[in-house]
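To start, the structure itself, in structure tokens.
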Amino acid sequence: QVQLVESGGGLVHPGGYLTLSCAASEGTVSRYAMAWFRQAPGKEREFVAAISWSGGNTMYRDSLLKGRFSISRDNAKNTVALQMNRLSPDDTGVYYCAAGPRVRDWTAETVTTPTKYDYWGQGTQVTVSS
């Protein structure tokens, strides 16, 4: 069984930055694809970014987000990070880390679908406001 714990959320001004971290407190995720999703109030959970188990492949929600966010992982430490720069109020939401042992083909249909991920953290709140 895998348990994921996110940290690093908080309140930040527009244009600011945050780094989210996800650690596996139980189990190992070194062989799993990992992803970040977010959910704004009143909206559905949406894909943000993902990284393959080796770190060799990454995927982002869109090109604009790719220019501001960066996902990385450290398999030796069993952690995944999301560096978020130039934050805007539209980035506000609860950010969830997810592990996907069944995410094997690196296609958008698979990587961006929440139901493909089997383990989820409790989420960390990110609020971007002046």
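Residue names in the structure tokens use chain letters A, B, ... in the order shown, residue numbers from 1 in each chain, and ligand numbers from 1 in the order shown.
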
Applying 9 Å and only C-alpha atoms, which residues near Ile71 of chain A remain after dropping the ones on its own chain fewer than 4 positions away? List them as a PyMOL selection string.
chain A and resi 35-36+49-51+58-60+80-84

Residue subset to file, keeping C-alpha atoms, as an mmCIF file, in the first residue's frame:
data_model
loop_
_atom_site.group_PDB
_atom_site.id
_atom_site.type_symbol
_atom_site.label_atom_id
_atom_site.label_comp_id
_atom_site.auth_asym_id
_atom_site.auth_seq_id
_atom_site.Cartn_x
_atom_site.Cartn_y
_atom_site.Cartn_z
ATOM 1 C CA ALA A 35 1.114 13.283 -11.345
ATOM 2 C CA TRP A 36 -0.292 16.442 -9.880
ATOM 3 C CA ALA A 49 1.486 17.683 -14.742
ATOM 4 C CA ALA A 50 2.909 14.171 -14.750
ATOM 5 C CA ILE A 51 6.279 12.466 -14.850
ATOM 6 C CA THR A 58 6.881 14.675 -18.579
ATOM 7 C CA MET A 59 3.507 16.051 -19.569
ATOM 8 C CA TYR A 60 1.754 19.289 -18.699
ATOM 9 C CA VAL A 80 7.930 14.270 -6.437
ATOM 10 C CA ALA A 81 7.984 18.050 -6.650
ATOM 11 C CA LEU A 82 6.038 20.683 -8.552
ATOM 12 C CA GLN A 83 7.753 24.020 -8.959
ATOM 13 C CA MET A 84 5.165 26.692 -9.739
#

As a ChimeraX atom specification, please: every residue in chain A that DSSP puts in strand (DSSP E or B).
/A:3-7,10-12,18-26,33-39,46-51,58-60,69-74,79-84,93-100,119-120,124-128

Å distance separating atom CA of Phe37 of chain A from atom CA of Tyr17 of chain A, one decimal place
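Atom-to-atom, atom CA of Phe37 of chain A and atom CA of Tyr17 of chain A are spaced 17.3 Å apart.
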
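Excluding Ser7 of chain A itself and any same-chain residue fewer than 3 positions from it, the protein and nucleic acid residues within 7 Å of it, counting only C-alpha atoms, are Leu20, Ser21, Cys22 and Thr124 of chain A.
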
For atom CA of Pro41 of chain A and atom CA of Tyr96 of chain A, quote the distance in Å rounded to one decimal.
13.9 Å

Just want the 12 Å neighbourhood of Thr110 of chain A, counted on only C-alpha atoms, with same-chain residues fewer than 2 positions away dropped. Output as a list in words.
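Here the qualifying residues turn out to be Ala33, Ala35, Phe47, Ala50, Ser52, Met59, Gly100, Pro101, Arg102, Val103, Arg104, Asp105, Trp106, Thr107, Ala108, Thr112, Thr113, Pro114, Thr115, Lys116 and Tyr117 of chain A.
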
Export, as a PDB file, in the first residue's frame, the selected residues with N, CA, C and O atoms.
ATOM      1  N   ALA A  33       4.414   6.046 -12.467  1.00  0.00           N
ATOM      2  CA  ALA A  33       4.203   7.398 -12.957  1.00  0.00           C
ATOM      3  C   ALA A  33       3.555   8.214 -11.841  1.00  0.00           C
ATOM      4  O   ALA A  33       2.755   7.691 -11.058  1.00  0.00           O
ATOM      5  N   ALA A  35       1.782  12.136 -10.756  1.00  0.00           N
ATOM      6  CA  ALA A  35       1.114  13.283 -11.345  1.00  0.00           C
ATOM      7  C   ALA A  35       0.615  14.237 -10.274  1.00  0.00           C
ATOM      8  O   ALA A  35       0.463  13.860  -9.111  1.00  0.00           O
ATOM      9  N   PHE A  47      -6.113  17.813 -14.491  1.00  0.00           N
ATOM     10  CA  PHE A  47      -4.713  17.421 -14.599  1.00  0.00           C
ATOM     11  C   PHE A  47      -3.812  18.653 -14.651  1.00  0.00           C
ATOM     12  O   PHE A  47      -4.144  19.641 -15.301  1.00  0.00           O
ATOM     13  N   ALA A  50       2.556  15.544 -15.090  1.00  0.00           N
ATOM     14  CA  ALA A  50       2.909  14.171 -14.750  1.00  0.00           C
ATOM     15  C   ALA A  50       4.339  13.895 -15.169  1.00  0.00           C
ATOM     16  O   ALA A  50       4.894  14.568 -16.050  1.00  0.00           O
ATOM     17  N   SER A  52       7.040  10.369 -15.781  1.00  0.00           N
ATOM     18  CA  SER A  52       7.161   8.919 -15.843  1.00  0.00           C
ATOM     19  C   SER A  52       8.058   8.405 -14.723  1.00  0.00           C
ATOM     20  O   SER A  52       8.762   9.183 -14.067  1.00  0.00           O
ATOM     21  N   MET A  59       4.667  15.546 -18.833  1.00  0.00           N
ATOM     22  CA  MET A  59       3.507  16.051 -19.569  1.00  0.00           C
ATOM     23  C   MET A  59       2.859  17.143 -18.734  1.00  0.00           C
ATOM     24  O   MET A  59       2.787  17.019 -17.505  1.00  0.00           O
ATOM     25  N   GLY A 100       0.463   6.356 -10.155  1.00  0.00           N
ATOM     26  CA  GLY A 100      -0.240   5.543 -11.139  1.00  0.00           C
ATOM     27  C   GLY A 100       0.511   4.304 -11.557  1.00  0.00           C
ATOM     28  O   GLY A 100       1.209   4.303 -12.591  1.00  0.00           O
ATOM     29  N   PRO A 101       0.422   3.223 -10.793  1.00  0.00           N
ATOM     30  CA  PRO A 101       1.090   1.985 -11.214  1.00  0.00           C
ATOM     31  C   PRO A 101       0.551   1.433 -12.526  1.00  0.00           C
ATOM     32  O   PRO A 101       1.249   0.666 -13.203  1.00  0.00           O
ATOM     33  N   ARG A 102      -0.683   1.806 -12.894  1.00  0.00           N
ATOM     34  CA  ARG A 102      -1.258   1.323 -14.152  1.00  0.00           C
ATOM     35  C   ARG A 102      -1.003   2.267 -15.321  1.00  0.00           C
ATOM     36  O   ARG A 102      -1.422   1.985 -16.450  1.00  0.00           O
ATOM     37  N   VAL A 103      -0.332   3.374 -15.069  1.00  0.00           N
ATOM     38  CA  VAL A 103      -0.016   4.325 -16.147  1.00  0.00           C
ATOM     39  C   VAL A 103       1.262   3.856 -16.824  1.00  0.00           C
ATOM     40  O   VAL A 103       2.377   4.117 -16.348  1.00  0.00           O
ATOM     41  N   ARG A 104       1.094   3.134 -17.934  1.00  0.00           N
ATOM     42  CA  ARG A 104       2.249   2.551 -18.608  1.00  0.00           C
ATOM     43  C   ARG A 104       2.489   3.156 -19.984  1.00  0.00           C
ATOM     44  O   ARG A 104       3.633   3.347 -20.383  1.00  0.00           O
ATOM     45  N   ASP A 105       1.440   3.439 -20.735  1.00  0.00           N
ATOM     46  CA  ASP A 105       1.625   4.079 -22.037  1.00  0.00           C
ATOM     47  C   ASP A 105       1.556   5.583 -21.849  1.00  0.00           C
ATOM     48  O   ASP A 105       0.647   6.095 -21.192  1.00  0.00           O
ATOM     49  N   TRP A 106       2.524   6.271 -22.399  1.00  0.00           N
ATOM     50  CA  TRP A 106       2.641   7.712 -22.169  1.00  0.00           C
ATOM     51  C   TRP A 106       1.843   8.466 -23.231  1.00  0.00           C
ATOM     52  O   TRP A 106       2.396   9.072 -24.152  1.00  0.00           O
ATOM     53  N   THR A 107       0.539   8.417 -23.087  1.00  0.00           N
ATOM     54  CA  THR A 107      -0.357   9.150 -23.971  1.00  0.00           C
ATOM     55  C   THR A 107      -1.209  10.092 -23.128  1.00  0.00           C
ATOM     56  O   THR A 107      -1.441   9.849 -21.938  1.00  0.00           O
ATOM     57  N   ALA A 108      -1.682  11.147 -23.734  1.00  0.00           N
ATOM     58  CA  ALA A 108      -2.490  12.122 -23.005  1.00  0.00           C
ATOM     59  C   ALA A 108      -3.745  11.470 -22.434  1.00  0.00           C
ATOM     60  O   ALA A 108      -4.164  11.782 -21.315  1.00  0.00           O
ATOM     61  N   THR A 112      -3.466  11.886 -18.326  1.00  0.00           N
ATOM     62  CA  THR A 112      -4.239  13.004 -17.779  1.00  0.00           C
ATOM     63  C   THR A 112      -5.551  12.571 -17.118  1.00  0.00           C
ATOM     64  O   THR A 112      -6.285  13.420 -16.617  1.00  0.00           O
ATOM     65  N   THR A 113      -5.837  11.280 -17.113  1.00  0.00           N
ATOM     66  CA  THR A 113      -7.110  10.791 -16.582  1.00  0.00           C
ATOM     67  C   THR A 113      -6.997  10.412 -15.116  1.00  0.00           C
ATOM     68  O   THR A 113      -6.234   9.504 -14.768  1.00  0.00           O
ATOM     69  N   PRO A 114      -7.745  11.051 -14.225  1.00  0.00           N
ATOM     70  CA  PRO A 114      -7.627  10.763 -12.790  1.00  0.00           C
ATOM     71  C   PRO A 114      -7.880   9.304 -12.424  1.00  0.00           C
ATOM     72  O   PRO A 114      -7.245   8.777 -11.511  1.00  0.00           O
ATOM     73  N   THR A 115      -8.779   8.653 -13.126  1.00  0.00           N
ATOM     74  CA  THR A 115      -9.127   7.278 -12.766  1.00  0.00           C
ATOM     75  C   THR A 115      -8.016   6.288 -13.067  1.00  0.00           C
ATOM     76  O   THR A 115      -8.086   5.132 -12.643  1.00  0.00           O
ATOM     77  N   LYS A 116      -6.984   6.720 -13.783  1.00  0.00           N
ATOM     78  CA  LYS A 116      -5.839   5.852 -14.054  1.00  0.00           C
ATOM     79  C   LYS A 116      -4.878   5.787 -12.871  1.00  0.00           C
ATOM     80  O   LYS A 116      -3.971   4.958 -12.851  1.00  0.00           O
ATOM     81  N   TYR A 117      -5.073   6.643 -11.885  1.00  0.00           N
ATOM     82  CA  TYR A 117      -4.175   6.705 -10.739  1.00  0.00           C
ATOM     83  C   TYR A 117      -4.830   6.039  -9.536  1.00  0.00           C
ATOM     84  O   TYR A 117      -5.998   6.284  -9.232  1.00  0.00           O
TER      85      TYR A 117
END

Quick one: pull the distance between atom CA of Gly10 of chain A and atom CA of Ala23 of chain A, Å, one decimal.
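Spanning atom CA of Gly10 of chain A to atom CA of Ala23 of chain A is a straight-line distance of 17.4 Å.
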
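Compared by their closest atoms to Ala76 of chain A, and using only C-alpha atoms, the residues A:Val2, A:His13, A:Val126, A:Val29 rank with A:Val29 nearest.
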
A:Glu109, A:Arg61, A:Lys77, A:Ser72 ranked by distance to Thr19 of chain A, top pick (using only C-alpha atoms)
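Looking only at the distances to Thr19 of chain A, the closest residue turns out to be A:Ser72.
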
Contacts of Ser54 of chain A within 9 Å, only C-alpha atoms, excl. fewer than 4 positions in-chain, as a CSV table (one decimal) with N, CA and C atoms, in the first residue's frame:
chain,number,residue,atom,x,y,z
A,30,SER,N,8.9,4.6,-6.8
A,30,SER,CA,9.9,4.8,-7.7
A,30,SER,C,9.7,4.1,-9.1
A,31,ARG,N,8.7,3.2,-9.2
A,31,ARG,CA,8.4,2.5,-10.4
A,31,ARG,C,7.1,3.0,-11.0
A,32,TYR,N,6.5,4.0,-10.4
A,32,TYR,CA,5.2,4.5,-10.8
A,32,TYR,C,5.3,5.8,-11.5
A,33,ALA,N,4.4,6.0,-12.5
A,33,ALA,CA,4.2,7.4,-13.0
A,33,ALA,C,3.6,8.2,-11.8
A,73,ARG,N,11.3,14.5,-10.0
A,73,ARG,CA,11.2,13.5,-9.0
A,73,ARG,C,12.5,13.0,-8.5
A,75,ASN,N,13.8,9.5,-7.1
A,75,ASN,CA,13.3,8.2,-6.8
A,75,ASN,C,14.1,7.6,-5.5

List as a PDB file with N, CA and C atoms, in the first residue's frame the protein and nucleic acid residues near Gly93 of chain A, meaning an atom at most 8 Å away when only C-alpha atoms are counted, but skip any in the same chain fewer than 6 places from it.
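New file out_18.pdb:
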ATOM      1  N   ARG A  38      -5.304  19.281  -9.678  1.00  0.00           N
ATOM      2  CA  ARG A  38      -5.794  20.342  -8.804  1.00  0.00           C
ATOM      3  C   ARG A  38      -7.314  20.468  -8.955  1.00  0.00           C
ATOM      4  N   GLN A  39      -7.906  21.009  -7.907  1.00  0.00           N
ATOM      5  CA  GLN A  39      -9.348  21.199  -7.922  1.00  0.00           C
ATOM      6  C   GLN A  39      -9.691  22.544  -7.315  1.00  0.00           C
ATOM      7  N   ALA A  40     -10.294  23.388  -8.113  1.00  0.00           N
ATOM      8  CA  ALA A  40     -10.748  24.692  -7.644  1.00  0.00           C
ATOM      9  C   ALA A  40     -12.164  24.553  -7.103  1.00  0.00           C
ATOM     10  N   PRO A  41     -12.575  25.465  -6.230  1.00  0.00           N
ATOM     11  CA  PRO A  41     -13.932  25.396  -5.663  1.00  0.00           C
ATOM     12  C   PRO A  41     -14.987  25.366  -6.753  1.00  0.00           C
ATOM     13  N   GLN A 125      -3.539  23.031  -0.012  1.00  0.00           N
ATOM     14  CA  GLN A 125      -4.231  24.208  -0.536  1.00  0.00           C
ATOM     15  C   GLN A 125      -3.229  25.226  -1.064  1.00  0.00           C
ATOM     16  N   VAL A 126      -3.494  25.720  -2.260  1.00  0.00           N
ATOM     17  CA  VAL A 126      -2.731  26.809  -2.852  1.00  0.00           C
ATOM     18  C   VAL A 126      -3.706  27.953  -3.116  1.00  0.00           C
ATOM     19  N   THR A 127      -3.419  29.093  -2.540  1.00  0.00           N
ATOM     20  CA  THR A 127      -4.258  30.269  -2.732  1.00  0.00           C
ATOM     21  C   THR A 127      -3.407  31.404  -3.275  1.00  0.00           C
TER      22      THR A 127
END

Near Gly123 of chain A, within 7 Å and counting only C-alpha atoms, which residues show up once chain neighbours fewer than 3 positions away are dropped, as a list in words?
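Those residues are Glu6, Val94, Tyr95, Tyr96 and Cys97 of chain A.
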
Report the residues of segment 11-119 of chain A whose backbone DSSP state falls under alpha helix (DSSP H), written as a count of residues only.
8

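The residue that comes closest to Pro89 of chain A, out of A:Thr28, A:Trp53, A:Ser70, A:Val12 and on the basis of only C-alpha atoms, is A:Val12.
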
Taking only C-alpha atoms into account, name the residue in A:Asn85, A:Ala99, A:Ser25, A:Asp74 that is nearest to Trp120 of chain A.
A:Ala99
